[in-house]
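To start, the structure under review is shown below, and the notes come after it.
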Amino acid sequence: MGRTLAAKILARAAGRAAVEEGELVTCRVDLVMLHDSGGPRRVAPILERLGVRPWDPTRIVLVSDHYAPAVDAESARILDLTRRWGREHGVARHYDMVGICHIVLAEHGHVRPGMFVVGGDSHTPTAGAFGAFAMGVGASEMAAVLATGEIWLEVPQTMRILLEGVPGRAVVAKDVMLALCRRLGLGGADYRVVEYAGPGLAAFDAEERLTLANMAAELGGITGLIEPDARTAAFLGGLGVELAPEELARWRSDPDAPVASELRLDLTGLAPQVAAPHSPADAAPVDEVEPAPIDQAYLGACTGAKLADLRMAARVLRGRRVAARTRLLVAPASARVWREAAADGTLATLVEAGAILLPSGCGACAGYGAGLLAEGETCIASTARNFKGRMGAASARVYLASPYTVAASAVAGRICDPRPLLAEPAGSADEELRGG
């Protein structure tokens with residue numbers, strides 16, 4: 001019987017020829033990702049009590065992104081602690097205020113197919129877009145990983161999601177994930193590997209695949225996985241990471257590999273999606289969602305501020321203006337995104353439309369920095385989560401959508417279908433969108 005991609009990766013990490021679903025195995029970790037929020041300030045006290053140091057600093061990537069830049073004395077203290085811990089333990093790969101951890105891992109070529117990655121963040125599965133098994137853990141488990149370089153886990157089953165058809169205008173990976181959240185519910189893939197496959201996957205480039213893998217966490221999956229292919233090789237090759245043909249051939253599920261379940265999603269008929277407060281599972285096609293007035297539109301986070309995401313927003317905003325009494329906040333996902341979006345004119349387009357640029361980092365998405373919501377305010381965001389109180393006041397309402405839909409809503413001043421704005425020249429539909 002064939003083996004799934006997940007089983008192959010875990011077998012290699014466990015030093016075994018094969019592993020079986022449901023079996024408990026101990027795996028060697030190829031890469032550890034820590035960030036300022038759940039990293040040194042949480043794990044350092046545990047390691048000190050144990051009297052141990054990190055087993056291999058060369059396998060650690062440390063990112064300061066949640067509290068960066070500091071907005072108060074406590075944030076500054078956490079960032080200082082993170083820097084000092086990194087220096088003390090010889091962590092050379094410390095990315096201090098240069099972007100969101102998941103995007104930093106991808107952009108700097110730290111992940112390649114077949115790796116076993118453990119991160120101190122629930123969206124660590126983002127790295128699965130490169131064919132790596134990447135899982136998030138809490139502080140206690142992370143301390144054990146840092147002390148030993150190993151972690152035990154139960155070999156999970158695989159849920160395969162087959163994407164079919166061709167997505168229409170303004171339908172992107174975020175819409176796919178919101179549709180899946182609605183269909184499966186939060187936890188619908190509880191402790192399963194979410195493997196994306198099917199001919200429809202060809203519609204999504206490497207950056208879009210990051211969003212697919214990332215939001216496997218919203219489905220309850222232990223990780224999200226996409227088999228590496230020519231697009232994977234091209235993306236990594238651009239970063240100086242060359243993949244041999246045998247790597248692409250090795251790290252894929254066998255045709256006869258058993259899966260626990262298989263779900264088909266037809267992209268052809270899929271409309272842009274919007275998730276209502278306070279759950280990604282409360283999603284529906286945009287034309288079925290109440291066009292609620294918004295106070296804020298937010299383009300940020302690991303799912304919504306990559307270069308491709310900002311370019312989507314720019315397509316909508318070019319030649320248009322953000323509605324009066326609505327603010328559009330943009331936090332590019334990394335320093336590299338800043339540079340490239342500045343070089344190609346994307347940032348200029350956003351600013352000319354009235355966007356306010358914020359520093360790279362998790363910021364408002366995680367409720368740590370600039371851009372938080374006041375009591376009773378309504379926001380539409382390109383983030384992955386809209387739980388009550390996550391982005392500020394508990395009475396605030398947060399809708400989730402793609403960058404296209406967020407940008408269109410900023411122009412309209414209310415939740416809005418982006419497709420008319422992409423079909424019409426700038427100015428022709430603006431008055432109608434604003435109710436003029």
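Within each chain, counting starts at residue 1; across the structure tokens, chains are named A, B, ... in the order shown, with ligands numbered 1 upward in that order.
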Open item on the list: Excluding region 156-162 of chain A and its own-chain neighbours fewer than 6 positions away, which residues fall within 9 Å of it when counting only C-alpha atoms? Please give them as number ranges by chain.
Closed with: A: 4, 6-7, 20-23, 189, 191-201, 221-222, 258-266
Store the residues picked out above, limited to C-alpha atoms, as a CSV table (one decimal), in the first residue's frame.
```
chain,number,residue,atom,x,y,z
A,4,THR,CA,1.0,9.8,2.0
A,6,ALA,CA,2.9,13.3,5.6
A,7,ALA,CA,3.8,9.7,6.4
A,20,GLU,CA,1.6,3.9,10.5
A,21,GLU,CA,-1.3,6.2,11.2
A,22,GLY,CA,-2.2,6.3,14.9
A,23,GLU,CA,1.3,5.2,15.8
A,189,ALA,CA,-10.1,18.5,10.1
A,191,TYR,CA,-5.6,16.7,14.1
A,192,ARG,CA,-5.5,15.6,10.5
A,193,VAL,CA,-3.1,16.6,7.7
A,194,VAL,CA,-4.9,18.8,5.2
A,195,GLU,CA,-3.4,17.9,1.8
A,196,TYR,CA,-4.4,20.2,-1.1
A,197,ALA,CA,-4.4,18.6,-4.5
A,198,GLY,CA,-6.3,18.5,-7.8
A,199,PRO,CA,-6.1,20.3,-11.1
A,200,GLY,CA,-7.5,23.5,-9.6
A,201,LEU,CA,-4.3,23.9,-7.6
A,221,GLY,CA,-5.5,20.5,10.9
A,222,ILE,CA,-2.2,19.7,12.5
A,258,PRO,CA,-4.9,5.8,1.9
A,259,VAL,CA,-6.6,8.9,3.1
A,260,ALA,CA,-9.2,9.3,5.8
A,261,SER,CA,-11.5,11.5,3.7
A,262,GLU,CA,-11.6,13.3,0.4
A,263,LEU,CA,-13.4,16.5,-0.3
A,264,ARG,CA,-13.9,18.1,-3.7
A,265,LEU,CA,-14.3,21.9,-4.2
A,266,ASP,CA,-15.3,23.3,-7.5
```
Using only C-alpha atoms, I'd like a table of the residues in region 152-270 of chain A that come within 12 Å of region 87-106 of chain A; for each, show the closest atom pair and its distance in Å rounded to one decimal, ordered by chain and ascending number, as a Markdown table.
```
| residue | atom | partner | partner_atom | distance |
| --- | --- | --- | --- | --- |
| A:Ala206 | CA | A:Ala106 | CA | 9.7 |
| A:Glu207 | CA | A:Ala106 | CA | 9.1 |
| A:Glu208 | CA | A:Ile103 | CA | 11.8 |
| A:Arg209 | CA | A:Ala106 | CA | 11.3 |
| A:Leu210 | CA | A:Ile103 | CA | 8.5 |
| A:Thr211 | CA | A:His102 | CA | 10.4 |
| A:Ala213 | CA | A:His102 | CA | 10.9 |
| A:Asn214 | CA | A:His102 | CA | 8.7 |
| A:Thr232 | CA | A:Ala106 | CA | 10.9 |
| A:Phe235 | CA | A:Ala106 | CA | 9.3 |
| A:Leu236 | CA | A:Ala106 | CA | 8.5 |
| A:Gly237 | CA | A:Ala106 | CA | 12.0 |
| A:Gly238 | CA | A:Ala106 | CA | 11.4 |
| A:Leu239 | CA | A:Ala106 | CA | 9.3 |
| A:Val241 | CA | A:Ala106 | CA | 11.1 |
```
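Reported to one decimal place, the separation of CA of Ala333 (chain A) from CA of Ile60 (chain A) is 20.8 Å.
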TODO: For Trp55 (chain A), list every protein, DNA or RNA residue within 12 Å, evaluated using only C-alpha atoms, and leave out those in the same chain fewer than 4 positions away; present the list as a PyMOL selection string.
DONE: chain A and resi 28-32+47+59-60+89-91+142-150
Those selected residues, please, written with N, CA, C and O atoms and delivered as a short mmCIF file (atom, residue, chain, number, x, y, z; two decimals), in the first residue's frame.
```
data_model
loop_
_atom_site.label_atom_id
_atom_site.label_comp_id
_atom_site.auth_asym_id
_atom_site.auth_seq_id
_atom_site.Cartn_x
_atom_site.Cartn_y
_atom_site.Cartn_z
N ARG A 28 12.99 13.71 14.93
CA ARG A 28 14.03 14.73 15.02
C ARG A 28 13.55 15.96 14.26
O ARG A 28 13.01 15.86 13.16
N VAL A 29 13.78 17.12 14.84
CA VAL A 29 13.30 18.38 14.27
C VAL A 29 14.36 18.98 13.36
O VAL A 29 15.52 19.13 13.76
N ASP A 30 13.97 19.35 12.15
CA ASP A 30 14.90 19.98 11.22
C ASP A 30 15.03 21.47 11.46
O ASP A 30 16.10 22.05 11.27
N LEU A 31 13.92 22.11 11.85
CA LEU A 31 13.92 23.56 12.00
C LEU A 31 12.92 23.96 13.08
O LEU A 31 11.80 23.44 13.13
N VAL A 32 13.35 24.90 13.92
CA VAL A 32 12.48 25.46 14.96
C VAL A 32 12.25 26.93 14.65
O VAL A 32 13.20 27.66 14.32
N LEU A 47 13.56 26.50 30.34
CA LEU A 47 14.90 25.98 30.09
C LEU A 47 15.83 26.28 31.27
O LEU A 47 16.69 25.46 31.63
N ARG A 59 19.71 25.51 14.09
CA ARG A 59 18.41 25.05 13.57
C ARG A 59 17.25 25.94 14.04
O ARG A 59 16.08 25.58 13.84
N ILE A 60 17.59 27.05 14.66
CA ILE A 60 16.56 27.94 15.19
C ILE A 60 16.46 29.20 14.33
O ILE A 60 17.47 29.80 13.98
N HIS A 89 22.40 32.85 23.24
CA HIS A 89 22.40 31.45 22.80
C HIS A 89 22.91 31.27 21.37
O HIS A 89 22.80 30.18 20.81
N GLY A 90 23.48 32.31 20.80
CA GLY A 90 24.12 32.18 19.50
C GLY A 90 23.17 31.92 18.35
O GLY A 90 23.52 31.21 17.39
N VAL A 91 21.97 32.47 18.42
CA VAL A 91 21.00 32.30 17.34
C VAL A 91 21.31 33.33 16.25
O VAL A 91 20.95 34.51 16.37
N MET A 142 7.50 23.40 23.20
CA MET A 142 8.62 24.05 22.53
C MET A 142 9.88 23.99 23.39
O MET A 142 10.99 23.80 22.88
N ALA A 143 9.73 24.14 24.69
CA ALA A 143 10.89 24.04 25.58
C ALA A 143 11.52 22.65 25.47
O ALA A 143 12.75 22.51 25.44
N ALA A 144 10.68 21.62 25.38
CA ALA A 144 11.20 20.26 25.25
C ALA A 144 11.92 20.08 23.92
O ALA A 144 12.97 19.43 23.85
N VAL A 145 11.37 20.67 22.86
CA VAL A 145 12.02 20.60 21.55
C VAL A 145 13.37 21.29 21.59
O VAL A 145 14.38 20.77 21.10
N LEU A 146 13.43 22.47 22.19
CA LEU A 146 14.68 23.20 22.27
C LEU A 146 15.72 22.46 23.10
O LEU A 146 16.92 22.52 22.82
N ALA A 147 15.27 21.75 24.11
CA ALA A 147 16.19 21.03 24.99
C ALA A 147 16.73 19.76 24.34
O ALA A 147 17.88 19.37 24.57
N THR A 148 15.90 19.12 23.52
CA THR A 148 16.26 17.78 23.01
C THR A 148 16.42 17.69 21.50
O THR A 148 17.05 16.76 21.00
N GLY A 149 15.79 18.61 20.77
CA GLY A 149 15.78 18.50 19.32
C GLY A 149 14.80 17.48 18.80
O GLY A 149 14.81 17.14 17.61
N GLU A 150 13.92 17.00 19.67
CA GLU A 150 12.95 15.96 19.30
C GLU A 150 11.56 16.31 19.83
O GLU A 150 11.40 17.12 20.74
#
```
Open item on the list: I need the residues in region 198-385 of chain A that are strand (DSSP E) according to DSSP; give them as a PyMOL selection string.
Closed with: chain A and resi 223-226+261-266+273-275+283-285+296-299+327-330+356-357+378-381
Save out the residues we just selected, N, CA and C atoms, as a PDB file, in the first residue's frame.
```
ATOM      1  N   THR A 223      -1.430  20.199  10.239  1.00  0.00           N
ATOM      2  CA  THR A 223      -0.645  20.919   9.250  1.00  0.00           C
ATOM      3  C   THR A 223      -1.391  20.932   7.929  1.00  0.00           C
ATOM      4  N   GLY A 224      -0.930  21.795   7.030  1.00  0.00           N
ATOM      5  CA  GLY A 224      -1.420  21.798   5.660  1.00  0.00           C
ATOM      6  C   GLY A 224      -0.262  21.393   4.763  1.00  0.00           C
ATOM      7  N   LEU A 225      -0.536  20.661   3.714  1.00  0.00           N
ATOM      8  CA  LEU A 225       0.530  20.164   2.847  1.00  0.00           C
ATOM      9  C   LEU A 225       0.161  20.315   1.377  1.00  0.00           C
ATOM     10  N   ILE A 226       1.155  20.732   0.599  1.00  0.00           N
ATOM     11  CA  ILE A 226       1.030  20.789  -0.849  1.00  0.00           C
ATOM     12  C   ILE A 226       2.277  20.151  -1.436  1.00  0.00           C
ATOM     13  N   SER A 261     -10.312  10.881   4.380  1.00  0.00           N
ATOM     14  CA  SER A 261     -11.468  11.453   3.693  1.00  0.00           C
ATOM     15  C   SER A 261     -10.987  12.288   2.521  1.00  0.00           C
ATOM     16  N   GLU A 262     -11.891  12.529   1.607  1.00  0.00           N
ATOM     17  CA  GLU A 262     -11.577  13.320   0.414  1.00  0.00           C
ATOM     18  C   GLU A 262     -12.728  14.259   0.142  1.00  0.00           C
ATOM     19  N   LEU A 263     -12.409  15.521  -0.057  1.00  0.00           N
ATOM     20  CA  LEU A 263     -13.432  16.533  -0.287  1.00  0.00           C
ATOM     21  C   LEU A 263     -13.111  17.255  -1.588  1.00  0.00           C
ATOM     22  N   ARG A 264     -14.120  17.452  -2.416  1.00  0.00           N
ATOM     23  CA  ARG A 264     -13.930  18.148  -3.691  1.00  0.00           C
ATOM     24  C   ARG A 264     -14.559  19.537  -3.618  1.00  0.00           C
ATOM     25  N   LEU A 265     -13.817  20.518  -4.111  1.00  0.00           N
ATOM     26  CA  LEU A 265     -14.328  21.887  -4.155  1.00  0.00           C
ATOM     27  C   LEU A 265     -14.186  22.408  -5.578  1.00  0.00           C
ATOM     28  N   ASP A 266     -15.310  22.748  -6.191  1.00  0.00           N
ATOM     29  CA  ASP A 266     -15.322  23.267  -7.549  1.00  0.00           C
ATOM     30  C   ASP A 266     -15.084  24.772  -7.505  1.00  0.00           C
ATOM     31  N   GLN A 273     -15.759  35.337  -1.003  1.00  0.00           N
ATOM     32  CA  GLN A 273     -16.371  34.980   0.268  1.00  0.00           C
ATOM     33  C   GLN A 273     -16.108  36.050   1.329  1.00  0.00           C
ATOM     34  N   VAL A 274     -17.041  36.162   2.260  1.00  0.00           N
ATOM     35  CA  VAL A 274     -16.868  37.042   3.419  1.00  0.00           C
ATOM     36  C   VAL A 274     -17.314  36.271   4.652  1.00  0.00           C
ATOM     37  N   ALA A 275     -16.471  36.283   5.695  1.00  0.00           N
ATOM     38  CA  ALA A 275     -16.830  35.644   6.964  1.00  0.00           C
ATOM     39  C   ALA A 275     -17.317  36.712   7.921  1.00  0.00           C
ATOM     40  N   ALA A 283     -18.872  32.079   7.050  1.00  0.00           N
ATOM     41  CA  ALA A 283     -18.601  32.629   5.727  1.00  0.00           C
ATOM     42  C   ALA A 283     -19.762  32.385   4.780  1.00  0.00           C
ATOM     43  N   ALA A 284     -19.845  33.246   3.774  1.00  0.00           N
ATOM     44  CA  ALA A 284     -20.881  33.132   2.747  1.00  0.00           C
ATOM     45  C   ALA A 284     -20.409  33.914   1.523  1.00  0.00           C
ATOM     46  N   PRO A 285     -20.993  33.639   0.343  1.00  0.00           N
ATOM     47  CA  PRO A 285     -20.681  34.456  -0.830  1.00  0.00           C
ATOM     48  C   PRO A 285     -20.965  35.927  -0.541  1.00  0.00           C
ATOM     49  N   GLN A 296     -13.222  50.574   9.311  1.00  0.00           N
ATOM     50  CA  GLN A 296     -11.832  50.287   8.980  1.00  0.00           C
ATOM     51  C   GLN A 296     -11.725  49.098   8.038  1.00  0.00           C
ATOM     52  N   ALA A 297     -10.799  49.204   7.105  1.00  0.00           N
ATOM     53  CA  ALA A 297     -10.410  48.073   6.268  1.00  0.00           C
ATOM     54  C   ALA A 297      -8.934  47.830   6.554  1.00  0.00           C
ATOM     55  N   TYR A 298      -8.562  46.561   6.712  1.00  0.00           N
ATOM     56  CA  TYR A 298      -7.196  46.243   7.125  1.00  0.00           C
ATOM     57  C   TYR A 298      -6.583  45.214   6.184  1.00  0.00           C
ATOM     58  N   LEU A 299      -5.500  45.609   5.536  1.00  0.00           N
ATOM     59  CA  LEU A 299      -4.709  44.692   4.719  1.00  0.00           C
ATOM     60  C   LEU A 299      -3.441  44.383   5.502  1.00  0.00           C
ATOM     61  N   ARG A 327     -11.245  54.231   7.060  1.00  0.00           N
ATOM     62  CA  ARG A 327      -9.784  54.228   7.005  1.00  0.00           C
ATOM     63  C   ARG A 327      -9.304  52.867   6.480  1.00  0.00           C
ATOM     64  N   LEU A 328      -8.317  52.930   5.623  1.00  0.00           N
ATOM     65  CA  LEU A 328      -7.687  51.726   5.082  1.00  0.00           C
ATOM     66  C   LEU A 328      -6.260  51.663   5.623  1.00  0.00           C
ATOM     67  N   LEU A 329      -5.982  50.664   6.438  1.00  0.00           N
ATOM     68  CA  LEU A 329      -4.662  50.468   7.018  1.00  0.00           C
ATOM     69  C   LEU A 329      -3.976  49.317   6.295  1.00  0.00           C
ATOM     70  N   VAL A 330      -2.717  49.515   5.944  1.00  0.00           N
ATOM     71  CA  VAL A 330      -1.947  48.508   5.212  1.00  0.00           C
ATOM     72  C   VAL A 330      -0.642  48.248   5.949  1.00  0.00           C
ATOM     73  N   ILE A 356      -3.230  54.142   4.703  1.00  0.00           N
ATOM     74  CA  ILE A 356      -2.271  54.510   5.737  1.00  0.00           C
ATOM     75  C   ILE A 356      -1.345  53.322   5.935  1.00  0.00           C
ATOM     76  N   LEU A 357      -0.051  53.522   5.748  1.00  0.00           N
ATOM     77  CA  LEU A 357       0.913  52.431   5.847  1.00  0.00           C
ATOM     78  C   LEU A 357       1.372  52.245   7.291  1.00  0.00           C
ATOM     79  N   THR A 378     -16.614  48.581  13.209  1.00  0.00           N
ATOM     80  CA  THR A 378     -16.687  47.473  12.261  1.00  0.00           C
ATOM     81  C   THR A 378     -15.494  47.534  11.317  1.00  0.00           C
ATOM     82  N   CYS A 379     -14.887  46.367  11.098  1.00  0.00           N
ATOM     83  CA  CYS A 379     -13.699  46.275  10.254  1.00  0.00           C
ATOM     84  C   CYS A 379     -13.844  45.091   9.302  1.00  0.00           C
ATOM     85  N   ILE A 380     -13.298  45.220   8.114  1.00  0.00           N
ATOM     86  CA  ILE A 380     -13.140  44.081   7.220  1.00  0.00           C
ATOM     87  C   ILE A 380     -11.641  43.901   7.012  1.00  0.00           C
ATOM     88  N   ALA A 381     -11.149  42.676   7.185  1.00  0.00           N
ATOM     89  CA  ALA A 381      -9.714  42.436   7.237  1.00  0.00           C
ATOM     90  C   ALA A 381      -9.311  41.234   6.398  1.00  0.00           C
TER      91      ALA A 381
END
```
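Take CA of Leu81 (chain A) and CA of Asp65 (chain A): the distance between them is 13.5 Å.
By only C-alpha atoms, and with residues fewer than 3 positions from Val322 (chain A) along its chain excluded, the set lying at most 10 Å from it is Ala297, Leu317, Arg325, Thr326, Arg327, Leu328, Leu350, Val351, Glu352, Ala353, Gly354, Ala355, Ala407, Ala408, Ser409, Ala410, Val411, Ala412 and Gly413 of chain A.
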Convert the current residue selection to file output with C-alpha atoms, as a short mmCIF file (atom, residue, chain, number, x, y, z; two decimals), in the first residue's frame.
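So result_12.cif came out as:
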```cif
data_model
loop_
_atom_site.label_atom_id
_atom_site.label_comp_id
_atom_site.auth_asym_id
_atom_site.auth_seq_id
_atom_site.Cartn_x
_atom_site.Cartn_y
_atom_site.Cartn_z
CA ALA A 297 -10.41 48.07 6.27
CA LEU A 317 -7.72 50.99 -5.78
CA ARG A 325 -15.10 58.23 7.18
CA THR A 326 -13.45 54.90 6.32
CA ARG A 327 -9.78 54.23 7.01
CA LEU A 328 -7.69 51.73 5.08
CA LEU A 350 -2.34 52.37 -2.25
CA VAL A 351 -1.21 55.65 -0.70
CA GLU A 352 -2.70 57.74 -3.50
CA ALA A 353 -6.01 56.01 -2.81
CA GLY A 354 -5.82 57.07 0.83
CA ALA A 355 -4.25 54.05 2.52
CA ALA A 407 -9.99 46.99 -1.01
CA ALA A 408 -13.39 47.19 -2.71
CA SER A 409 -15.09 47.61 0.65
CA ALA A 410 -12.70 50.43 1.53
CA VAL A 411 -13.75 52.25 -1.65
CA ALA A 412 -17.45 51.66 -1.03
CA GLY A 413 -17.35 52.34 2.71
#
```
